[in-house]
Number of protein chains: 2
Amino acid sequence: MPPAMDPGNTPEDKQVENDGAETAKVKTLADLGRIAGVTAGTVSRALAGSELVSKRTRERILALASEHGFQLNQIASKLRSKRTGMIGVVIPLGHERSQHISDPFFMTLLGHLADEITERGYSIVLERAIPEEKPDWLDRICGSGMVDGVILIGQSDQFETIERVAATYRPLVAWGSYHVGQRHCAVGTDNRAGGALAARRLLAGGSKRLAFLGETTGVEIAERFAGVRDVAEQVGASLLHLPCHMSFELMTGELEGLLTQQGERFDGIVAASDLIAMTALKILHGQGKQVPSDVQVIGYDDLPLATQTMPPLTTIRQDISGGAREIVQRLQSAIAGGDIASLVMAPSLIERETTRRSA
Amino acid sequence: MPPAMDPGNTPEDKQVENDGAETAKVKTLADLGRIAGVTAGTVSRALAGSELVSKRTRERILALASEHGFQLNQIASKLRSKRTGMIGVVIPLGHERSQHISDPFFMTLLGHLADEITERGYSIVLERAIPEEKPDWLDRICGSGMVDGVILIGQSDQFETIERVAATYRPLVAWGSYHVGQRHCAVGTDNRAGGALAARRLLAGGSKRLAFLGETTGVEIAERFAGVRDVAEQVGASLLHLPCHMSFELMTGELEGLLTQQGERFDGIVAASDLIAMTALKILHGQGKQVPSDVQVIGYDDLPLATQTMPPLTTIRQDISGGAREIVQRLQSAIAGGDIASLVMAPSLIERETTRRSA
DNA sequence: CGGAAAAATTCAATCGATTGCATAAATATC
DNA sequence: GATATTTATGCAATCGATTGAATTTTTCCG
């Protein structure tokens, strides 16, 4: 019985076939072909827009497809065509289990990657890997057949593993450091140069005793520290290393302790991240120290929140969205079979108000 | 020619078979079966740990598998078994194209979801949907056959679409508002109650003229505003709505304008998010206004960064990790065929230092 | 040692879309 | 109007793992 007072044809009205029989949902190409009076092969070509099928049938099939809300089974499609259209994005939580996946730098990078990847018509398979628990984490992901390529958000302390896998698996790009001779493609900034940039700025602003805030277990942070050390040694300034975790929750308590105990031993801070810098600002403020007149502070990353600290944070900028674009570009060309080279971008100093005007 | 001075057997040395022939990589169950002298079927069962295959062969196959670094083709496996082991996590960017995927609240939720999902042995397919461009965004994801279930991080302005899809697609859970009678399962906090909580706290602290910061295009924010309005009307306090974008980059300029122009018309602020509150704090500070003595400020969400503002932010807490757990739990039971109910959690007030001690 | 029962393995169909090749239908050419 | 040519569609193998049923091998017991 047709509905008596149907208020117009809404798109939802499609469970009853016009021949009067209730039809099961059209799930496969064969189902759709049966309705259209052709075989699955033809339907497949029609949906792909192939010129091999006549315009008339193609349009008929397309109409039927949308009428029945037909959806191609992606799994079957991917199996046959051997192109998954998916890219694995992996966050290795190596040296710091506690480093939660929601680390703002990684998340910002992930956001930009997501934009780039989506715009190129790929999907994202997000993986959170804990190498300590599964040493074959990267092999699993690369060999699963699920993804056309893999992006690593950071190398953590897994340099060796990445090198090993990259020897045979090509479509792999990591955000992170580049070392001469390495096999895997890395896109990142020159962390040593960034550290040096920060140190020089502090010295130019009149600081004599530097402190570096953040643990150096990860390669990238270690290099930032090395950059600071290079400059400090060169000019004979003192340098204090105050290791703390990268995660918001853990660093606060640690830093409170460290900055109070060691408070007299520095007058210029390079923080391993903007987050650390922000926390340090807060603590220094609580101690009644003036920034930048008593202590200068420089952050690292230039996340959006660096503009919102009080005072606004001077920081070493990494071009995250540019980096994301380069990563995806390289990955795509590797997937296409090309050879890809690493990229080391130059960091830049963003001067705000936690450093003193230089002489 | 064998390497002359191989320094021990590294795990990489496995491209040469012991029968002397260079063997191609073992890619399929059949390949592995050939080596082990059994059929693909047996290998399949062996790898699955089935009791149907004898312990001896099972162990032999397992050994060969790890020796050759065999990886099951997940696509084929998923096609056959009709269980993908993947969960779609979708961020609908509806009412605010500019609302970047890296919104800290969503990212924090995503982080917790990722933890929960990974721990239950699922993978994550991350999708960034722009409903304005593709009205069938949700149908595509649900019907793709790629995922066993779908989680929506926020409902944006897509309530209707979600309801329509949820009518036939059951394993779907959204973070967001619940309205009596809705079909889809939502997990979220009571935003109206949260808004009311904030407003009452401001009034108790002595504010008489309230302002709400943030645009109300999304349901959830609209409800927070409604909660504030309820209370304001009840006690006859004035309420000013100052709409601004949710994204860090855009809100700053907008708020600077608004807070300067309308600065005399309020002495208590409810911000739609901690981010907005943080930005407001910064601007108020620049205007020389004291928080909380001149103006009280309450944020929303209780993100980790709320503890790091100056002064530390009083805010309405949403239990993000608890919410993530509930979402995944519900989704999993829906995947198993169960019926699931929505959950409205109570928000709570976290008192820090941007509100005055109440009388 | 023979035959039944139990255990281990093989066989073959299946999941659903894709695609080269074969065939049928429509159009062109003389 | 008959043949050559183009165009459209059907057919069937394929991607690789899974699984019920069939078959082979092993074990058990009188």
# chains A, B, ... in the order shown; residues from 1 in each chain; ligands from 1
$ interface_residues --of "chain A" --to "chain D" --cutoff "12 Å" --atoms "only C-alpha atoms (C1' of nucleotides)" --output "JSON, numbers by chain"
{"A": [33, 37, 38, 39, 40, 41, 42, 43, 45, 46, 50, 51, 52, 53, 54, 55, 56, 57, 58, 75, 76, 77, 78, 79, 80, 81, 82, 83, 145]}
$ residues_around --residues "Leu64 (chain B)" --least-positions-apart "3" --cutoff "10 Å" --atoms "only C-alpha atoms (C1' of nucleotides)" --output "PDB file with N, CA and C atoms, in the first residue's frame"
ATOM      1  N   LEU B  32      54.218 -19.789   1.736  1.00  0.00           N
ATOM      2  CA  LEU B  32      54.706 -20.350   2.991  1.00  0.00           C
ATOM      3  C   LEU B  32      54.384 -21.839   3.062  1.00  0.00           C
ATOM      4  N   GLY B  33      53.197 -22.179   2.572  1.00  0.00           N
ATOM      5  CA  GLY B  33      52.789 -23.572   2.560  1.00  0.00           C
ATOM      6  C   GLY B  33      53.726 -24.424   1.713  1.00  0.00           C
ATOM      7  N   ILE B  35      56.852 -23.995   1.139  1.00  0.00           N
ATOM      8  CA  ILE B  35      58.086 -24.221   1.885  1.00  0.00           C
ATOM      9  C   ILE B  35      57.892 -25.263   2.988  1.00  0.00           C
ATOM     10  N   ALA B  36      56.734 -25.150   3.645  1.00  0.00           N
ATOM     11  CA  ALA B  36      56.487 -26.038   4.780  1.00  0.00           C
ATOM     12  C   ALA B  36      55.960 -27.397   4.326  1.00  0.00           C
ATOM     13  N   ARG B  58      52.279 -26.994  13.413  1.00  0.00           N
ATOM     14  CA  ARG B  58      51.975 -25.614  13.781  1.00  0.00           C
ATOM     15  C   ARG B  58      53.266 -24.884  14.145  1.00  0.00           C
ATOM     16  N   GLU B  59      54.066 -25.539  14.972  1.00  0.00           N
ATOM     17  CA  GLU B  59      55.298 -24.887  15.404  1.00  0.00           C
ATOM     18  C   GLU B  59      56.282 -24.718  14.254  1.00  0.00           C
ATOM     19  N   ARG B  60      56.321 -25.723  13.375  1.00  0.00           N
ATOM     20  CA  ARG B  60      57.212 -25.629  12.219  1.00  0.00           C
ATOM     21  C   ARG B  60      56.803 -24.419  11.360  1.00  0.00           C
ATOM     22  N   ILE B  61      55.510 -24.301  11.127  1.00  0.00           N
ATOM     23  CA  ILE B  61      55.018 -23.202  10.291  1.00  0.00           C
ATOM     24  C   ILE B  61      55.299 -21.849  10.951  1.00  0.00           C
ATOM     25  N   GLU B  67      60.886 -16.725  10.447  1.00  0.00           N
ATOM     26  CA  GLU B  67      62.176 -16.745   9.755  1.00  0.00           C
ATOM     27  C   GLU B  67      62.115 -15.947   8.461  1.00  0.00           C
ATOM     28  N   HIS B  68      61.024 -16.101   7.746  1.00  0.00           N
ATOM     29  CA  HIS B  68      60.887 -15.389   6.471  1.00  0.00           C
ATOM     30  C   HIS B  68      60.204 -14.036   6.627  1.00  0.00           C
ATOM     31  N   GLY B  69      59.935 -13.658   7.844  1.00  0.00           N
ATOM     32  CA  GLY B  69      59.273 -12.380   8.065  1.00  0.00           C
ATOM     33  C   GLY B  69      57.916 -12.315   7.386  1.00  0.00           C
ATOM     34  N   PHE B  70      57.188 -13.433   7.452  1.00  0.00           N
ATOM     35  CA  PHE B  70      55.902 -13.481   6.755  1.00  0.00           C
ATOM     36  C   PHE B  70      54.864 -12.566   7.399  1.00  0.00           C
TER      37      PHE B  70
END
$ interface_residues --of "chain A" --to "chain B" --cutoff "8 Å" --atoms "only C-alpha atoms" --output "PDB file with C-alpha atoms, in the first residue's frame"
ATOM      1  CA  GLN A  71      28.475   1.695  -2.025  1.00  0.00           C
ATOM      2  CA  LEU A  72      31.425  -0.116  -3.476  1.00  0.00           C
ATOM      3  CA  ASN A  73      33.048  -2.545  -1.062  1.00  0.00           C
ATOM      4  CA  GLN A  74      36.402  -0.920  -0.640  1.00  0.00           C
ATOM      5  CA  ILE A  75      38.070  -3.972   0.802  1.00  0.00           C
ATOM      6  CA  ALA A  76      37.339  -6.102  -2.222  1.00  0.00           C
ATOM      7  CA  LYS A  78      41.591  -2.742  -2.817  1.00  0.00           C
ATOM      8  CA  LEU A  79      42.408  -6.431  -2.759  1.00  0.00           C
ATOM      9  CA  HIS A 100      50.774  10.869  25.271  1.00  0.00           C
ATOM     10  CA  ILE A 101      49.603  10.767  21.695  1.00  0.00           C
ATOM     11  CA  SER A 102      48.121  14.193  22.256  1.00  0.00           C
ATOM     12  CA  PRO A 104      50.591  19.317  20.673  1.00  0.00           C
ATOM     13  CA  MET A 107      49.014  16.757  16.798  1.00  0.00           C
ATOM     14  CA  THR A 108      49.602  19.933  14.876  1.00  0.00           C
ATOM     15  CA  LEU A 110      49.098  15.327  12.221  1.00  0.00           C
ATOM     16  CA  GLY A 111      46.474  17.934  11.468  1.00  0.00           C
ATOM     17  CA  HIS A 112      48.447  19.324   8.584  1.00  0.00           C
ATOM     18  CA  ALA A 114      45.623  14.960   7.451  1.00  0.00           C
ATOM     19  CA  ASP A 115      44.782  17.959   5.336  1.00  0.00           C
ATOM     20  CA  THR A 118      42.933  13.939   2.374  1.00  0.00           C
ATOM     21  CA  SER A 123      42.751   7.980   3.681  1.00  0.00           C
ATOM     22  CA  ILE A 124      44.681   7.845   6.893  1.00  0.00           C
ATOM     23  CA  VAL A 125      45.332   4.850   9.053  1.00  0.00           C
ATOM     24  CA  LEU A 126      46.495   6.145  12.381  1.00  0.00           C
ATOM     25  CA  GLU A 127      48.753   3.935  14.450  1.00  0.00           C
ATOM     26  CA  ARG A 128      50.170   4.488  17.881  1.00  0.00           C
ATOM     27  CA  ARG A 140      53.849  -5.058  10.823  1.00  0.00           C
ATOM     28  CA  GLY A 143      53.947  -5.378   5.502  1.00  0.00           C
ATOM     29  CA  SER A 144      50.281  -5.482   6.382  1.00  0.00           C
ATOM     30  CA  GLY A 145      49.199  -4.714   2.851  1.00  0.00           C
ATOM     31  CA  MET A 146      46.854  -2.159   4.326  1.00  0.00           C
ATOM     32  CA  ARG A 164      66.451  -1.561   8.730  1.00  0.00           C
ATOM     33  CA  PHE A 248      52.288  18.443  30.003  1.00  0.00           C
ATOM     34  CA  GLU A 249      51.138  16.429  32.943  1.00  0.00           C
ATOM     35  CA  MET A 278      55.252  27.949  28.673  1.00  0.00           C
ATOM     36  CA  THR A 279      55.401  25.924  31.844  1.00  0.00           C
ATOM     37  CA  LYS A 282      54.505  30.115  34.628  1.00  0.00           C
ATOM     38  CA  PRO A 304      50.031  28.716  17.828  1.00  0.00           C
ATOM     39  CA  LEU A 305      49.977  28.878  21.601  1.00  0.00           C
ATOM     40  CA  GLN A 308      49.308  33.509  23.774  1.00  0.00           C
ATOM     41  CA  THR A 309      51.767  33.128  26.591  1.00  0.00           C
ATOM     42  CA  MET A 310      52.507  36.019  28.892  1.00  0.00           C
TER      43      MET A 310
END
$ select_by_dssp --residues "region 309-354 of chain A" --states "strand (DSSP E or B)" --output "PyMOL selection string"
chain A and resi 314-317+343-345+348-350
$ write_last_selection --atoms "N, CA and C atoms" --output "PDB file, in the first residue's frame"
ATOM      1  N   THR A 314      59.272  34.168  22.635  1.00  0.00           N
ATOM      2  CA  THR A 314      60.289  34.084  21.584  1.00  0.00           C
ATOM      3  C   THR A 314      60.593  32.613  21.387  1.00  0.00           C
ATOM      4  N   THR A 315      60.680  32.180  20.127  1.00  0.00           N
ATOM      5  CA  THR A 315      60.812  30.738  19.911  1.00  0.00           C
ATOM      6  C   THR A 315      61.499  30.434  18.586  1.00  0.00           C
ATOM      7  N   ILE A 316      61.945  29.188  18.461  1.00  0.00           N
ATOM      8  CA  ILE A 316      62.545  28.720  17.214  1.00  0.00           C
ATOM      9  C   ILE A 316      61.444  28.070  16.401  1.00  0.00           C
ATOM     10  N   ARG A 317      61.223  28.608  15.230  1.00  0.00           N
ATOM     11  CA  ARG A 317      60.092  28.140  14.441  1.00  0.00           C
ATOM     12  C   ARG A 317      60.456  26.967  13.551  1.00  0.00           C
ATOM     13  N   LEU A 343      65.052  15.991   3.349  1.00  0.00           N
ATOM     14  CA  LEU A 343      65.012  17.449   3.314  1.00  0.00           C
ATOM     15  C   LEU A 343      65.301  17.993   4.709  1.00  0.00           C
ATOM     16  N   VAL A 344      66.255  18.887   4.768  1.00  0.00           N
ATOM     17  CA  VAL A 344      66.540  19.546   6.039  1.00  0.00           C
ATOM     18  C   VAL A 344      66.185  21.014   5.878  1.00  0.00           C
ATOM     19  N   MET A 345      65.191  21.428   6.587  1.00  0.00           N
ATOM     20  CA  MET A 345      64.756  22.816   6.473  1.00  0.00           C
ATOM     21  C   MET A 345      65.465  23.666   7.530  1.00  0.00           C
ATOM     22  N   SER A 348      63.902  29.006  12.051  1.00  0.00           N
ATOM     23  CA  SER A 348      64.086  30.460  12.112  1.00  0.00           C
ATOM     24  C   SER A 348      63.703  30.974  13.496  1.00  0.00           C
ATOM     25  N   LEU A 349      64.241  32.103  13.829  1.00  0.00           N
ATOM     26  CA  LEU A 349      63.996  32.661  15.149  1.00  0.00           C
ATOM     27  C   LEU A 349      62.812  33.622  15.071  1.00  0.00           C
ATOM     28  N   ILE A 350      61.825  33.386  15.914  1.00  0.00           N
ATOM     29  CA  ILE A 350      60.692  34.303  15.969  1.00  0.00           C
ATOM     30  C   ILE A 350      60.834  35.116  17.255  1.00  0.00           C
TER      31      ILE A 350
END
$ select_by_dssp --residues "region 21-254 of chain B" --states "helix (DSSP H, G or I)" --output "PyMOL selection string"
chain B and resi 29-36+40-47+55-67+74-81+104-119+137-143+159-166+191-204+219-235+248-254
$ write_last_selection --atoms "C-alpha atoms" --output "short mmCIF file (atom, residue, chain, number, x, y, z; two decimals), in the first residue's frame"
data_model
loop_
_atom_site.label_atom_id
_atom_site.label_comp_id
_atom_site.auth_asym_id
_atom_site.auth_seq_id
_atom_site.Cartn_x
_atom_site.Cartn_y
_atom_site.Cartn_z
CA LEU B 29 50.00 -18.33 2.61
CA ALA B 30 50.54 -20.52 -0.43
CA ASP B 31 54.19 -19.48 -0.62
CA LEU B 32 54.71 -20.35 2.99
CA GLY B 33 52.79 -23.57 2.56
CA ARG B 34 55.03 -24.61 -0.32
CA ILE B 35 58.09 -24.22 1.89
CA ALA B 36 56.49 -26.04 4.78
CA ALA B 40 47.54 -22.61 2.36
CA GLY B 41 44.58 -23.73 4.40
CA THR B 42 46.76 -25.46 6.95
CA VAL B 43 49.06 -22.49 7.17
CA SER B 44 46.10 -20.25 7.77
CA ARG B 45 44.92 -22.40 10.64
CA ALA B 46 48.41 -22.76 12.04
CA LEU B 47 48.92 -19.01 12.16
CA LYS B 55 51.30 -29.10 17.34
CA ARG B 56 54.35 -30.24 15.40
CA THR B 57 53.36 -28.67 12.07
CA ARG B 58 51.97 -25.61 13.78
CA GLU B 59 55.30 -24.89 15.40
CA ARG B 60 57.21 -25.63 12.22
CA ILE B 61 55.02 -23.20 10.29
CA LEU B 62 55.28 -20.54 12.95
CA ALA B 63 59.05 -20.84 12.91
CA LEU B 64 59.19 -20.60 9.12
CA ALA B 65 56.85 -17.63 9.20
CA SER B 66 59.01 -15.61 11.52
CA GLU B 67 62.18 -16.75 9.76
CA GLN B 74 45.27 -7.94 5.92
CA ILE B 75 43.12 -6.85 3.02
CA ALA B 76 42.46 -10.38 1.86
CA SER B 77 41.92 -11.53 5.39
CA LYS B 78 39.42 -8.81 6.11
CA LEU B 79 37.55 -9.40 2.88
CA ARG B 80 37.03 -13.02 3.63
CA SER B 81 36.31 -12.79 7.31
CA PRO B 104 43.09 20.95 20.97
CA PHE B 105 39.89 19.60 22.43
CA PHE B 106 39.28 17.27 19.51
CA MET B 107 42.90 16.26 19.49
CA THR B 108 42.89 15.44 23.17
CA LEU B 109 39.78 13.35 22.67
CA LEU B 110 41.36 11.72 19.63
CA GLY B 111 44.41 10.87 21.68
CA HIS B 112 42.36 9.14 24.33
CA LEU B 113 40.25 7.40 21.71
CA ALA B 114 43.40 6.19 20.01
CA ASP B 115 44.63 4.73 23.26
CA GLU B 116 41.35 2.95 23.95
CA ILE B 117 40.91 1.70 20.42
CA THR B 118 44.45 0.45 20.06
CA GLU B 119 44.29 -1.35 23.37
CA TRP B 137 30.18 12.05 3.80
CA LEU B 138 28.81 9.78 6.50
CA ASP B 139 27.16 7.31 4.15
CA ARG B 140 30.45 6.89 2.36
CA ILE B 141 32.32 6.10 5.51
CA CYS B 142 29.74 3.79 7.01
CA GLY B 143 29.06 1.94 3.78
CA PHE B 159 22.58 16.37 13.55
CA GLU B 160 20.08 15.54 10.79
CA THR B 161 22.57 13.62 8.71
CA ILE B 162 23.72 11.60 11.67
CA GLU B 163 20.16 10.75 12.61
CA ARG B 164 19.38 9.63 9.08
CA VAL B 165 22.38 7.34 8.83
CA ALA B 166 21.95 5.99 12.34
CA ASN B 191 26.45 21.40 28.12
CA ARG B 192 23.49 23.34 29.36
CA ALA B 193 24.25 22.32 32.90
CA GLY B 194 27.88 23.26 32.31
CA GLY B 195 26.94 26.71 31.10
CA ALA B 196 24.66 27.16 34.08
CA LEU B 197 27.39 26.00 36.44
CA ALA B 198 29.75 28.60 35.05
CA ALA B 199 27.19 31.38 35.20
CA ARG B 200 26.24 30.59 38.78
CA ARG B 201 29.86 30.61 39.81
CA LEU B 202 30.40 34.02 38.28
CA LEU B 203 27.36 35.42 40.00
CA ALA B 204 28.43 33.89 43.29
CA VAL B 219 24.90 22.49 18.97
CA GLU B 220 27.14 22.02 21.94
CA ILE B 221 28.27 25.59 22.20
CA ALA B 222 24.72 26.78 21.67
CA GLU B 223 23.71 24.73 24.67
CA ARG B 224 26.45 26.13 26.84
CA PHE B 225 25.20 29.56 25.92
CA ALA B 226 21.64 28.54 26.71
CA GLY B 227 22.76 27.35 30.12
CA VAL B 228 24.32 30.70 30.85
CA ARG B 229 21.22 32.49 29.57
CA ASP B 230 18.93 30.40 31.77
CA VAL B 231 20.75 31.50 34.88
CA ALA B 232 21.18 35.11 33.79
CA GLU B 233 17.46 35.45 33.06
CA GLN B 234 16.56 33.79 36.30
CA VAL B 235 18.42 36.30 38.40
CA PHE B 248 43.31 29.85 17.63
CA GLU B 249 44.44 31.74 14.58
CA LEU B 250 41.12 33.42 13.93
CA MET B 251 39.88 34.15 17.40
CA THR B 252 42.70 36.38 18.49
CA GLY B 253 41.97 39.29 16.19
CA GLU B 254 38.23 38.98 16.68
#
$ atom_distance --atom1 "CA of Leu93 (chain A)" --atom2 "CA of Arg120 (chain A)"
27.3 Å
$ interface_residues --of "chain C" --to "chain B" --cutoff "10 Å" --atoms "only C-alpha atoms (C1' of nucleotides)" --output "number ranges by chain"
C: 7-11, 14-16
$ decode --residues "region 4-16 of chain C" --atoms "N, CA and C atoms (P, O5', C5', C4', C3', O3' and C1' of nucleotides)" --output "PDB file, in the first residue's frame"
ATOM      1  P    DA C   4      34.396 -51.119  10.550  1.00  0.00           P
ATOM      2  O5'  DA C   4      34.301 -50.125  11.786  1.00  0.00           O
ATOM      3  C5'  DA C   4      34.193 -50.675  13.116  1.00  0.00           C
ATOM      4  C4'  DA C   4      34.696 -49.649  14.108  1.00  0.00           C
ATOM      5  C3'  DA C   4      34.096 -48.250  13.921  1.00  0.00           C
ATOM      6  O3'  DA C   4      33.757 -47.725  15.186  1.00  0.00           O
ATOM      7  C1'  DA C   4      36.465 -48.130  13.826  1.00  0.00           C
ATOM      8  P    DA C   5      32.946 -46.363  15.287  1.00  0.00           P
ATOM      9  O5'  DA C   5      34.070 -45.406  15.876  1.00  0.00           O
ATOM     10  C5'  DA C   5      34.828 -45.826  17.014  1.00  0.00           C
ATOM     11  C4'  DA C   5      35.941 -44.834  17.253  1.00  0.00           C
ATOM     12  C3'  DA C   5      35.512 -43.361  17.183  1.00  0.00           C
ATOM     13  O3'  DA C   5      36.009 -42.694  18.329  1.00  0.00           O
ATOM     14  C1'  DA C   5      37.361 -43.758  15.733  1.00  0.00           C
ATOM     15  P    DA C   6      35.685 -41.166  18.552  1.00  0.00           P
ATOM     16  O5'  DA C   6      37.117 -40.551  18.209  1.00  0.00           O
ATOM     17  C5'  DA C   6      38.295 -41.141  18.780  1.00  0.00           C
ATOM     18  C4'  DA C   6      39.516 -40.447  18.195  1.00  0.00           C
ATOM     19  C3'  DA C   6      39.441 -38.920  18.175  1.00  0.00           C
ATOM     20  O3'  DA C   6      40.646 -38.428  18.733  1.00  0.00           O
ATOM     21  C1'  DA C   6      40.022 -39.755  16.023  1.00  0.00           C
ATOM     22  P    DA C   7      40.906 -36.872  18.924  1.00  0.00           P
ATOM     23  O5'  DA C   7      41.962 -36.602  17.766  1.00  0.00           O
ATOM     24  C5'  DA C   7      43.120 -37.446  17.651  1.00  0.00           C
ATOM     25  C4'  DA C   7      43.860 -37.051  16.398  1.00  0.00           C
ATOM     26  C3'  DA C   7      44.060 -35.551  16.209  1.00  0.00           C
ATOM     27  O3'  DA C   7      45.443 -35.336  16.028  1.00  0.00           O
ATOM     28  C1'  DA C   7      43.184 -36.533  14.231  1.00  0.00           C
ATOM     29  P    DA C   8      46.019 -33.878  15.775  1.00  0.00           P
ATOM     30  O5'  DA C   8      46.178 -33.876  14.199  1.00  0.00           O
ATOM     31  C5'  DA C   8      47.066 -34.829  13.591  1.00  0.00           C
ATOM     32  C4'  DA C   8      47.040 -34.628  12.093  1.00  0.00           C
ATOM     33  C3'  DA C   8      47.344 -33.191  11.631  1.00  0.00           C
ATOM     34  O3'  DA C   8      48.436 -33.268  10.733  1.00  0.00           O
ATOM     35  C1'  DA C   8      45.375 -34.024  10.575  1.00  0.00           C
ATOM     36  P    DT C   9      49.064 -31.927  10.117  1.00  0.00           P
ATOM     37  O5'  DT C   9      48.296 -31.850   8.730  1.00  0.00           O
ATOM     38  C5'  DT C   9      48.478 -32.899   7.782  1.00  0.00           C
ATOM     39  C4'  DT C   9      47.459 -32.795   6.672  1.00  0.00           C
ATOM     40  C3'  DT C   9      47.504 -31.507   5.867  1.00  0.00           C
ATOM     41  O3'  DT C   9      48.096 -31.783   4.601  1.00  0.00           O
ATOM     42  C1'  DT C   9      45.286 -32.299   6.221  1.00  0.00           C
ATOM     43  P    DT C  10      48.281 -30.614   3.541  1.00  0.00           P
ATOM     44  O5'  DT C  10      47.074 -30.953   2.570  1.00  0.00           O
ATOM     45  C5'  DT C  10      46.898 -32.298   2.094  1.00  0.00           C
ATOM     46  C4'  DT C  10      45.602 -32.375   1.312  1.00  0.00           C
ATOM     47  C3'  DT C  10      45.472 -31.372   0.179  1.00  0.00           C
ATOM     48  O3'  DT C  10      45.013 -32.046  -0.979  1.00  0.00           O
ATOM     49  C1'  DT C  10      43.595 -31.222   1.589  1.00  0.00           C
ATOM     50  P    DC C  11      44.978 -31.298  -2.365  1.00  0.00           P
ATOM     51  O5'  DC C  11      43.420 -30.979  -2.498  1.00  0.00           O
ATOM     52  C5'  DC C  11      42.483 -31.993  -2.151  1.00  0.00           C
ATOM     53  C4'  DC C  11      41.074 -31.461  -2.292  1.00  0.00           C
ATOM     54  C3'  DC C  11      40.870 -30.460  -3.430  1.00  0.00           C
ATOM     55  O3'  DC C  11      39.719 -30.862  -4.143  1.00  0.00           O
ATOM     56  C1'  DC C  11      40.077 -29.550  -1.388  1.00  0.00           C
ATOM     57  P    DA C  12      39.377 -30.208  -5.563  1.00  0.00           P
ATOM     58  O5'  DA C  12      38.327 -29.084  -5.140  1.00  0.00           O
ATOM     59  C5'  DA C  12      37.243 -29.448  -4.261  1.00  0.00           C
ATOM     60  C4'  DA C  12      36.475 -28.195  -3.894  1.00  0.00           C
ATOM     61  C3'  DA C  12      36.386 -27.134  -5.002  1.00  0.00           C
ATOM     62  O3'  DA C  12      35.112 -26.563  -4.915  1.00  0.00           O
ATOM     63  C1'  DA C  12      37.300 -26.159  -3.109  1.00  0.00           C
ATOM     64  P    DA C  13      34.472 -25.779  -6.126  1.00  0.00           P
ATOM     65  O5'  DA C  13      33.443 -24.861  -5.349  1.00  0.00           O
ATOM     66  C5'  DA C  13      32.777 -25.393  -4.194  1.00  0.00           C
ATOM     67  C4'  DA C  13      32.538 -24.276  -3.203  1.00  0.00           C
ATOM     68  C3'  DA C  13      32.056 -22.959  -3.826  1.00  0.00           C
ATOM     69  O3'  DA C  13      31.021 -22.447  -3.029  1.00  0.00           O
ATOM     70  C1'  DA C  13      33.997 -22.563  -2.551  1.00  0.00           C
ATOM     71  P    DT C  14      30.202 -21.178  -3.509  1.00  0.00           P
ATOM     72  O5'  DT C  14      30.870 -20.011  -2.659  1.00  0.00           O
ATOM     73  C5'  DT C  14      30.861 -20.084  -1.225  1.00  0.00           C
ATOM     74  C4'  DT C  14      31.684 -18.949  -0.684  1.00  0.00           C
ATOM     75  C3'  DT C  14      31.446 -17.596  -1.357  1.00  0.00           C
ATOM     76  O3'  DT C  14      30.732 -16.763  -0.472  1.00  0.00           O
ATOM     77  C1'  DT C  14      33.754 -17.995  -0.905  1.00  0.00           C
ATOM     78  P    DC C  15      29.876 -15.537  -1.088  1.00  0.00           P
ATOM     79  O5'  DC C  15      30.715 -14.303  -0.533  1.00  0.00           O
ATOM     80  C5'  DC C  15      31.074 -14.195   0.842  1.00  0.00           C
ATOM     81  C4'  DC C  15      32.177 -13.176   0.966  1.00  0.00           C
ATOM     82  C3'  DC C  15      32.033 -12.018  -0.007  1.00  0.00           C
ATOM     83  O3'  DC C  15      31.375 -10.944   0.641  1.00  0.00           O
ATOM     84  C1'  DC C  15      34.297 -12.832   0.110  1.00  0.00           C
ATOM     85  P    DG C  16      30.127 -10.254  -0.155  1.00  0.00           P
ATOM     86  O5'  DG C  16      30.851  -9.401  -1.277  1.00  0.00           O
ATOM     87  C5'  DG C  16      31.592  -8.248  -0.881  1.00  0.00           C
ATOM     88  C4'  DG C  16      32.359  -7.745  -2.067  1.00  0.00           C
ATOM     89  C3'  DG C  16      31.505  -7.380  -3.278  1.00  0.00           C
ATOM     90  O3'  DG C  16      31.851  -6.065  -3.638  1.00  0.00           O
ATOM     91  C1'  DG C  16      33.346  -8.702  -3.931  1.00  0.00           C
TER      92       DG C  16
END
